[in-house]
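Visitor: Can you read through this structure? Questions will come right after.
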Amino acid sequence: YESMSTTVDNKEIKYRAFEYIPYVANPIDIDQQYMNIYVPEEYFNNGTVNGYTTQTAPIFMPNAVGGYMPSQAMTPKVENGKPNSVVYALSRGYVVAAPATRGRTNKASDGNFIGKAPAVIVDLQAATAYLHANDSTMPGNANRIITNGTSAGGAVSLLQGAAGNSSDFQPYLQALGAATAATNVYAVSAYAPITNLDAADMAYEWSYNGITSSNKVSMNHDDVAYSNLLNEHFPDYVNNLQLHDSVGRVLKLDKNGNGTFKNYVKEFIVAAANKAQAKGTDLSKHTYLVRDNKTGTIKDINWEAYNQFVSRSKAPGAFDSRSNDSGENNLFGTSTTDNNHFTITAALHDTTSNPEAYVQNAKVVTMMNPMNYLGSPAATNAHFYRIRYGTADSNTSVAIPLIVGTRAQNLGYKVDMATPFDVNHSGDYDLDELFNWMDNIVKNGR
C-alpha cells in the first residue's frame, strides 16, 4: 500500500491506498478486472471516524461505468476544492472499494469481444464476492456494502442491489475464478440510471410522443409511426406491473397513456419544483408549472409542455435502435457480433439489411434488468435504495427509475426516490445528502 493524504475544508484526510488488486483468479482482462481499496489511516491505529471502527465501517463501492463502456477504478480526487465521492467517503469514515469493469467495446488479442453483457455486472459481483470472502482480514464490514453509480453506472448499481446471489451469474463467476462467496450488497445509490432497457423504448415514447423535432432529433413519417406504436404498448406494460403508491393506490394507465401512474410521476416533479421554489430558485422559465392562485405553490404540471421543455434527445427506438446502432445494441452483442437487437419489437421493425441480428440468448437480456430480480426468491435483494433522476434529464423517461424504485418500495424495502429540479444527466451532486442517508441506514437499519 501507499500512505496518502488529501485536504478537504482545511482538514487533512490520511488514508492507505491498496491499488490494482485483481478480484478474480482468472481475469480475462487484467486491465479491467481489478479494484482500488482505500482505508482511513485511523483504522490501523484503533481509531474511529464518524463513530465507525475498522470492524464496523461501511464499504462504499462506487463504479465509474458510463454508457456501458469499459471503466477504470475510481481514485481520490479533489478538483477546484471539491472532493469526489471517494475522498468524501474517506472523510466520513467509509472504506472505499472501487472496481474497474469490462465494457461493451473490450476486445481480446484475437479480436473477439470480451465485455458484452453481462460482463459488467459479472465483474461487479466478482468484486463484491472478493470483499465478502476477505471480510475477516480487511478493514470494513462487507455486510454493509453500499454501491453507487451514474447513468449506466446507476443501472448496474441497481442491478447489484437486486441480483445478489442469483445463480444466473454463477457460471460466469466460476469461469473467472471469482471467490466463492456472497454477491449481495446492503444498499444502492443510483443517479440517472439507464436501466430496465427492454421497457425503456416504450417509456421514452410515452414521455416524448408528439415531439417530432429538437436540437438533437428530427423525425420522419416512419419515426412518428414507430413512436406511436411504442407509446401504445406502454400502458399494458405498466398495468401488468401492478404497482401501487405509498398509500396503496394502484398505478395504472388507460389506452391513451393517462391515469394514476401518470399523476404519480407528475407528483414527483411537482414536489421537486416546490422544494426548489422554497429555496429561492427562480422558476419563471418553467412555464409548464401550474400554480395555486392563492398560495403560489406548484399544484400540477402540464405534461406535454413539460416534456416539450425538457425535449427529446433520442429518436424512437431510443435504446434498441431500429438501425441496430445504439450503445445498448452494442452492449448486447456477442463475442463475435458487435451489435444486436434485444427487444422483439425493434427486431421486427429493423431498418438494416440484417434483421436477424437479435440476441439469441434471451437470458442475457434478463440478467441486465433489475426488475427481473426484485422480489425474486432466487436473489438476495438489498433493502435500501436511493434513486435520483433530474427533471431536466432526457436520457431516458423519468418513468423508468420511478418504476424500479416503486417496485422495490412495494416489496417493503426502504426507498428514497426523488427527481431533483432542473438537474440534467449527472450524479454525485449532493454528496452531503447521500452520505447522511447512508449513515442513517447503516446506524438505524437492520
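Residues are named by chain letter and number: chains run A, B, ... in the order of the C-alpha cells, numbers start at 1 in each chain, and ligands are numbered from 1 in the order shown.
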Among region 47-289 of chain A, which residues carry a DSSP assignment of strand (DSSP E), reported as number ranges by chain?

Guide: A: 58-62, 78-79, 82-83, 95-99, 141-150, 187-191, 289

Visitor: If we count only C-alpha atoms, what is near Val364 (chain A) at a cut-off of 10 Å, once residues fewer than 6 positions away on the same chain are taken out, given as a list in words?

Guide: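 Those residues are Lys116, Ala117, Pro118, Ala119, Asp168, Phe169, Phe332 and Phe342 of chain A.
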
Visitor: Please provide the set of residues having any atom within 7 Å of Ala126 (chain A), restricted to only C-alpha atoms, with same-chain residues fewer than 3 positions apart removed, written as a compact mmCIF listing (two decimals) with N, CA and C atoms, in the first residue's frame.

Guide:
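Below is the file result32.txt, written as the result:
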```txt
# COMPACT_ATOMS: atom_id res chain seq x y z
N TYR A 23 -9.52 -8.93 -8.67
CA TYR A 23 -10.60 -9.51 -7.85
C TYR A 23 -11.08 -10.86 -8.38
N VAL A 24 -10.40 -11.39 -9.39
CA VAL A 24 -10.67 -12.76 -9.85
C VAL A 24 -9.34 -13.47 -10.08
N VAL A 122 -21.23 -9.05 -14.00
CA VAL A 122 -20.43 -10.18 -13.51
C VAL A 122 -19.18 -9.67 -12.80
N ASP A 123 -18.51 -8.67 -13.39
CA ASP A 123 -17.31 -8.11 -12.76
C ASP A 123 -17.64 -7.47 -11.42
N ALA A 129 -17.93 -10.37 -4.26
CA ALA A 129 -17.57 -11.66 -3.66
C ALA A 129 -16.18 -11.60 -3.01
N TYR A 130 -15.25 -10.89 -3.64
CA TYR A 130 -13.90 -10.71 -3.08
C TYR A 130 -13.99 -10.05 -1.70
N LEU A 173 -19.05 -16.35 -13.07
CA LEU A 173 -18.15 -16.09 -11.94
C LEU A 173 -17.16 -17.23 -11.77
N ALA A 178 -13.76 -16.34 -9.60
CA ALA A 178 -14.20 -15.41 -8.55
C ALA A 178 -14.25 -16.15 -7.22
N ALA A 179 -14.14 -15.41 -6.15
CA ALA A 179 -14.25 -16.01 -4.81
C ALA A 179 -15.63 -16.65 -4.67
```

Visitor: Please list as a VMD selection string every residue within 10 Å of region 256-268 of chain A, counting only C-alpha atoms and excluding residues in the same chain fewer than 3 positions away.

Guide: chain A and resid 206 to 207 231 to 236 238 to 239 243 to 245 249 to 253 271 to 273 299 to 303 306 391 398 to 399 402 to 403 417 to 421

Visitor: Got time to write the residues from that selection, N, CA and C atoms, as an mmCIF file, in the first residue's frame?

Guide:
```cif
data_model
loop_
_atom_site.group_PDB
_atom_site.id
_atom_site.type_symbol
_atom_site.label_atom_id
_atom_site.label_comp_id
_atom_site.auth_asym_id
_atom_site.auth_seq_id
_atom_site.Cartn_x
_atom_site.Cartn_y
_atom_site.Cartn_z
ATOM 1 N N TRP A 206 -43.731 7.263 -24.394
ATOM 2 C CA TRP A 206 -44.818 7.750 -23.539
ATOM 3 C C TRP A 206 -44.515 9.176 -23.079
ATOM 4 N N SER A 207 -43.251 9.440 -22.779
ATOM 5 C CA SER A 207 -42.853 10.792 -22.378
ATOM 6 C C SER A 207 -42.832 11.755 -23.556
ATOM 7 N N ASN A 231 -45.498 3.941 -27.895
ATOM 8 C CA ASN A 231 -46.324 4.641 -26.912
ATOM 9 C C ASN A 231 -47.582 3.840 -26.586
ATOM 10 N N GLU A 232 -48.180 3.247 -27.588
ATOM 11 C CA GLU A 232 -49.414 2.470 -27.381
ATOM 12 C C GLU A 232 -49.177 1.227 -26.537
ATOM 13 N N HIS A 233 -47.954 0.682 -26.582
ATOM 14 C CA HIS A 233 -47.649 -0.529 -25.814
ATOM 15 C C HIS A 233 -47.384 -0.244 -24.331
ATOM 16 N N PHE A 234 -47.015 0.982 -24.002
ATOM 17 C CA PHE A 234 -46.559 1.269 -22.638
ATOM 18 C C PHE A 234 -47.642 1.058 -21.570
ATOM 19 N N PRO A 235 -48.893 1.483 -21.779
ATOM 20 C CA PRO A 235 -49.892 1.255 -20.731
ATOM 21 C C PRO A 235 -50.037 -0.207 -20.333
ATOM 22 N N ASP A 236 -50.015 -1.124 -21.292
ATOM 23 C CA ASP A 236 -50.114 -2.543 -20.953
ATOM 24 C C ASP A 236 -48.949 -2.976 -20.077
ATOM 25 N N VAL A 238 -47.135 -1.071 -17.998
ATOM 26 C CA VAL A 238 -47.310 -0.505 -16.658
ATOM 27 C C VAL A 238 -48.404 -1.253 -15.893
ATOM 28 N N ASN A 239 -49.529 -1.494 -16.543
ATOM 29 C CA ASN A 239 -50.652 -2.138 -15.856
ATOM 30 C C ASN A 239 -50.314 -3.555 -15.407
ATOM 31 N N LEU A 243 -48.171 -2.029 -9.887
ATOM 32 C CA LEU A 243 -47.507 -1.192 -8.883
ATOM 33 C C LEU A 243 -48.549 -0.410 -8.088
ATOM 34 N N HIS A 244 -48.160 0.017 -6.891
ATOM 35 C CA HIS A 244 -49.028 0.913 -6.123
ATOM 36 C C HIS A 244 -48.179 1.932 -5.387
ATOM 37 N N ASP A 245 -48.790 3.058 -5.057
ATOM 38 C CA ASP A 245 -48.037 4.109 -4.381
ATOM 39 C C ASP A 245 -48.012 3.848 -2.880
ATOM 40 N N ARG A 249 -52.645 3.179 -3.585
ATOM 41 C CA ARG A 249 -53.338 3.478 -4.850
ATOM 42 C C ARG A 249 -52.673 2.700 -5.984
ATOM 43 N N VAL A 250 -53.464 1.946 -6.732
ATOM 44 C CA VAL A 250 -52.935 1.181 -7.860
ATOM 45 C C VAL A 250 -52.552 2.144 -8.977
ATOM 46 N N LEU A 251 -51.366 1.928 -9.546
ATOM 47 C CA LEU A 251 -50.829 2.829 -10.564
ATOM 48 C C LEU A 251 -51.084 2.245 -11.940
ATOM 49 N N LYS A 252 -52.002 2.877 -12.683
ATOM 50 C CA LYS A 252 -52.435 2.350 -13.971
ATOM 51 C C LYS A 252 -52.459 3.452 -15.020
ATOM 52 N N LEU A 253 -52.541 3.031 -16.280
ATOM 53 C CA LEU A 253 -52.717 3.950 -17.402
ATOM 54 C C LEU A 253 -53.845 3.435 -18.288
ATOM 55 N N ALA A 271 -43.302 18.057 -6.550
ATOM 56 C CA ALA A 271 -42.607 18.138 -5.261
ATOM 57 C C ALA A 271 -41.223 18.755 -5.424
ATOM 58 N N ALA A 272 -40.532 18.383 -6.513
ATOM 59 C CA ALA A 272 -39.198 18.930 -6.768
ATOM 60 C C ALA A 272 -39.265 20.428 -7.043
ATOM 61 N N ALA A 273 -40.288 20.862 -7.789
ATOM 62 C CA ALA A 273 -40.440 22.285 -8.098
ATOM 63 C C ALA A 273 -40.730 23.095 -6.839
ATOM 64 N N LYS A 299 -49.017 23.217 -8.039
ATOM 65 C CA LYS A 299 -50.004 22.164 -7.746
ATOM 66 C C LYS A 299 -50.072 21.091 -8.836
ATOM 67 N N ASP A 300 -49.483 21.395 -10.014
ATOM 68 C CA ASP A 300 -49.571 20.437 -11.121
ATOM 69 C C ASP A 300 -48.548 20.849 -12.180
ATOM 70 N N ILE A 301 -48.388 20.001 -13.185
ATOM 71 C CA ILE A 301 -47.627 20.376 -14.370
ATOM 72 C C ILE A 301 -48.433 20.035 -15.610
ATOM 73 N N ASN A 302 -48.215 20.793 -16.664
ATOM 74 C CA ASN A 302 -48.752 20.433 -17.970
ATOM 75 C C ASN A 302 -47.780 19.409 -18.557
ATOM 76 N N TRP A 303 -48.228 18.163 -18.637
ATOM 77 C CA TRP A 303 -47.349 17.049 -19.002
ATOM 78 C C TRP A 303 -46.700 17.240 -20.369
ATOM 79 N N TYR A 306 -44.246 20.110 -20.267
ATOM 80 C CA TYR A 306 -43.037 19.723 -19.523
ATOM 81 C C TYR A 306 -42.077 18.949 -20.427
ATOM 82 N N THR A 391 -35.103 16.452 -13.251
ATOM 83 C CA THR A 391 -36.243 16.795 -14.113
ATOM 84 C C THR A 391 -35.824 17.352 -15.464
ATOM 85 N N VAL A 398 -38.400 9.720 -17.355
ATOM 86 C CA VAL A 398 -38.443 9.842 -15.899
ATOM 87 C C VAL A 398 -39.215 8.675 -15.287
ATOM 88 N N ALA A 399 -40.081 8.040 -16.080
ATOM 89 C CA ALA A 399 -40.864 6.911 -15.568
ATOM 90 C C ALA A 399 -39.990 5.718 -15.191
ATOM 91 N N LEU A 402 -38.438 5.631 -11.665
ATOM 92 C CA LEU A 402 -39.543 5.592 -10.713
ATOM 93 C C LEU A 402 -40.208 4.223 -10.686
ATOM 94 N N ILE A 403 -40.271 3.555 -11.819
ATOM 95 C CA ILE A 403 -40.825 2.196 -11.861
ATOM 96 C C ILE A 403 -39.974 1.250 -11.028
ATOM 97 N N MET A 417 -36.500 8.274 -3.053
ATOM 98 C CA MET A 417 -36.584 8.478 -4.503
ATOM 99 C C MET A 417 -37.019 9.910 -4.781
ATOM 100 N N ALA A 418 -36.285 10.607 -5.659
ATOM 101 C CA ALA A 418 -36.637 11.996 -5.959
ATOM 102 C C ALA A 418 -36.174 12.368 -7.359
ATOM 103 N N THR A 419 -36.770 13.454 -7.867
ATOM 104 C CA THR A 419 -36.415 13.997 -9.186
ATOM 105 C C THR A 419 -35.927 15.432 -8.987
ATOM 106 N N PRO A 420 -34.669 15.636 -8.627
ATOM 107 C CA PRO A 420 -34.164 16.986 -8.334
ATOM 108 C C PRO A 420 -34.458 17.962 -9.468
ATOM 109 N N PHE A 421 -34.919 19.148 -9.095
ATOM 110 C CA PHE A 421 -35.443 20.087 -10.079
ATOM 111 C C PHE A 421 -34.354 20.678 -10.949
#
```

Visitor: Determine which residues of region 24-258 of chain A DSSP labels as alpha helix (DSSP H) from the backbone of this structure, then write them out as a PyMOL selection string.

Guide: chain A and resi 85-91+119-133+152-162+170-176+197-208+221-241

Visitor: Got a sec: who's within 10 Å of Leu124 (chain A), counting only C-alpha atoms, leaving out chain neighbours fewer than 3 positions off, as a VMD selection string?

Guide: chain A and resid 23 33 35 61 63 98 to 102 119 to 121 127 to 130 147 156 to 157 159 to 160 183

Visitor: Could you name the residues that touch Phe309 (chain A) at 12 Å or less, counting only C-alpha atoms, but leaving out those on the same chain fewer than 3 positions away, as a count of residues only?

Guide: 23

Visitor: For CA of Tyr1 (chain A) and CA of Asp439 (chain A), quote the distance in Å rounded to one decimal.

Guide: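 Answer for the CA of Tyr1 (chain A) to CA of Asp439 (chain A) separation: 27.1 Å.
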
Visitor: Find the residue from A:Tyr15, A:Tyr226, A:Phe44, A:Tyr88 that sits nearest to Pro62 (chain A); use only C-alpha atoms when measuring.

Guide: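 Looking only at the distances to Pro62 (chain A), the closest residue turns out to be A:Tyr88.
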
Visitor: Could you list, as a VMD selection string, every residue within 9 Å of Gly153 (chain A), counting only C-alpha atoms and ignoring same-chain residues fewer than 5 positions away?

Guide: chain A and resid 62 to 68 148 158 190 to 194

Visitor: Once you count only C-alpha atoms, what closest atom pair and distance in Å to one decimal does each residue of region 141-251 of chain A within 10 Å of region 131-135 of chain A have, with rows by chain and rising residue number, as a Markdown table?

Guide:
```
| residue | atom | partner | partner_atom | distance |
| --- | --- | --- | --- | --- |
| A:Asn141 | CA | A:Asp135 | CA | 6.7 |
| A:Ala142 | CA | A:His132 | CA | 5.4 |
| A:Asn143 | CA | A:His132 | CA | 7.6 |
| A:Ile145 | CA | A:Leu131 | CA | 8.8 |
| A:Ala178 | CA | A:Ala133 | CA | 9.8 |
| A:Ala179 | CA | A:Ala133 | CA | 6.4 |
| A:Thr180 | CA | A:Ala133 | CA | 7.3 |
| A:Ala181 | CA | A:Ala133 | CA | 5.5 |
| A:Ala182 | CA | A:His132 | CA | 6.2 |
| A:Thr183 | CA | A:His132 | CA | 7.6 |
| A:Asn184 | CA | A:His132 | CA | 9.0 |
| A:Val185 | CA | A:His132 | CA | 9.6 |
```

Visitor: Please, what distance in Å, to one decimal, runs between CA of Ser166 (chain A) and CA of Asn361 (chain A)?

Guide: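 CA of Asn361 (chain A) lies at a distance of 17.5 Å from CA of Ser166 (chain A).
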
Visitor: Considering only C-alpha atoms, can you say which of A:Leu241, A:Val217, A:Ala276, A:Met371 comes closest to Ser311 (chain A)?

Guide: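 Among the listed residues, the smallest separation from Ser311 (chain A) belongs to A:Val217.
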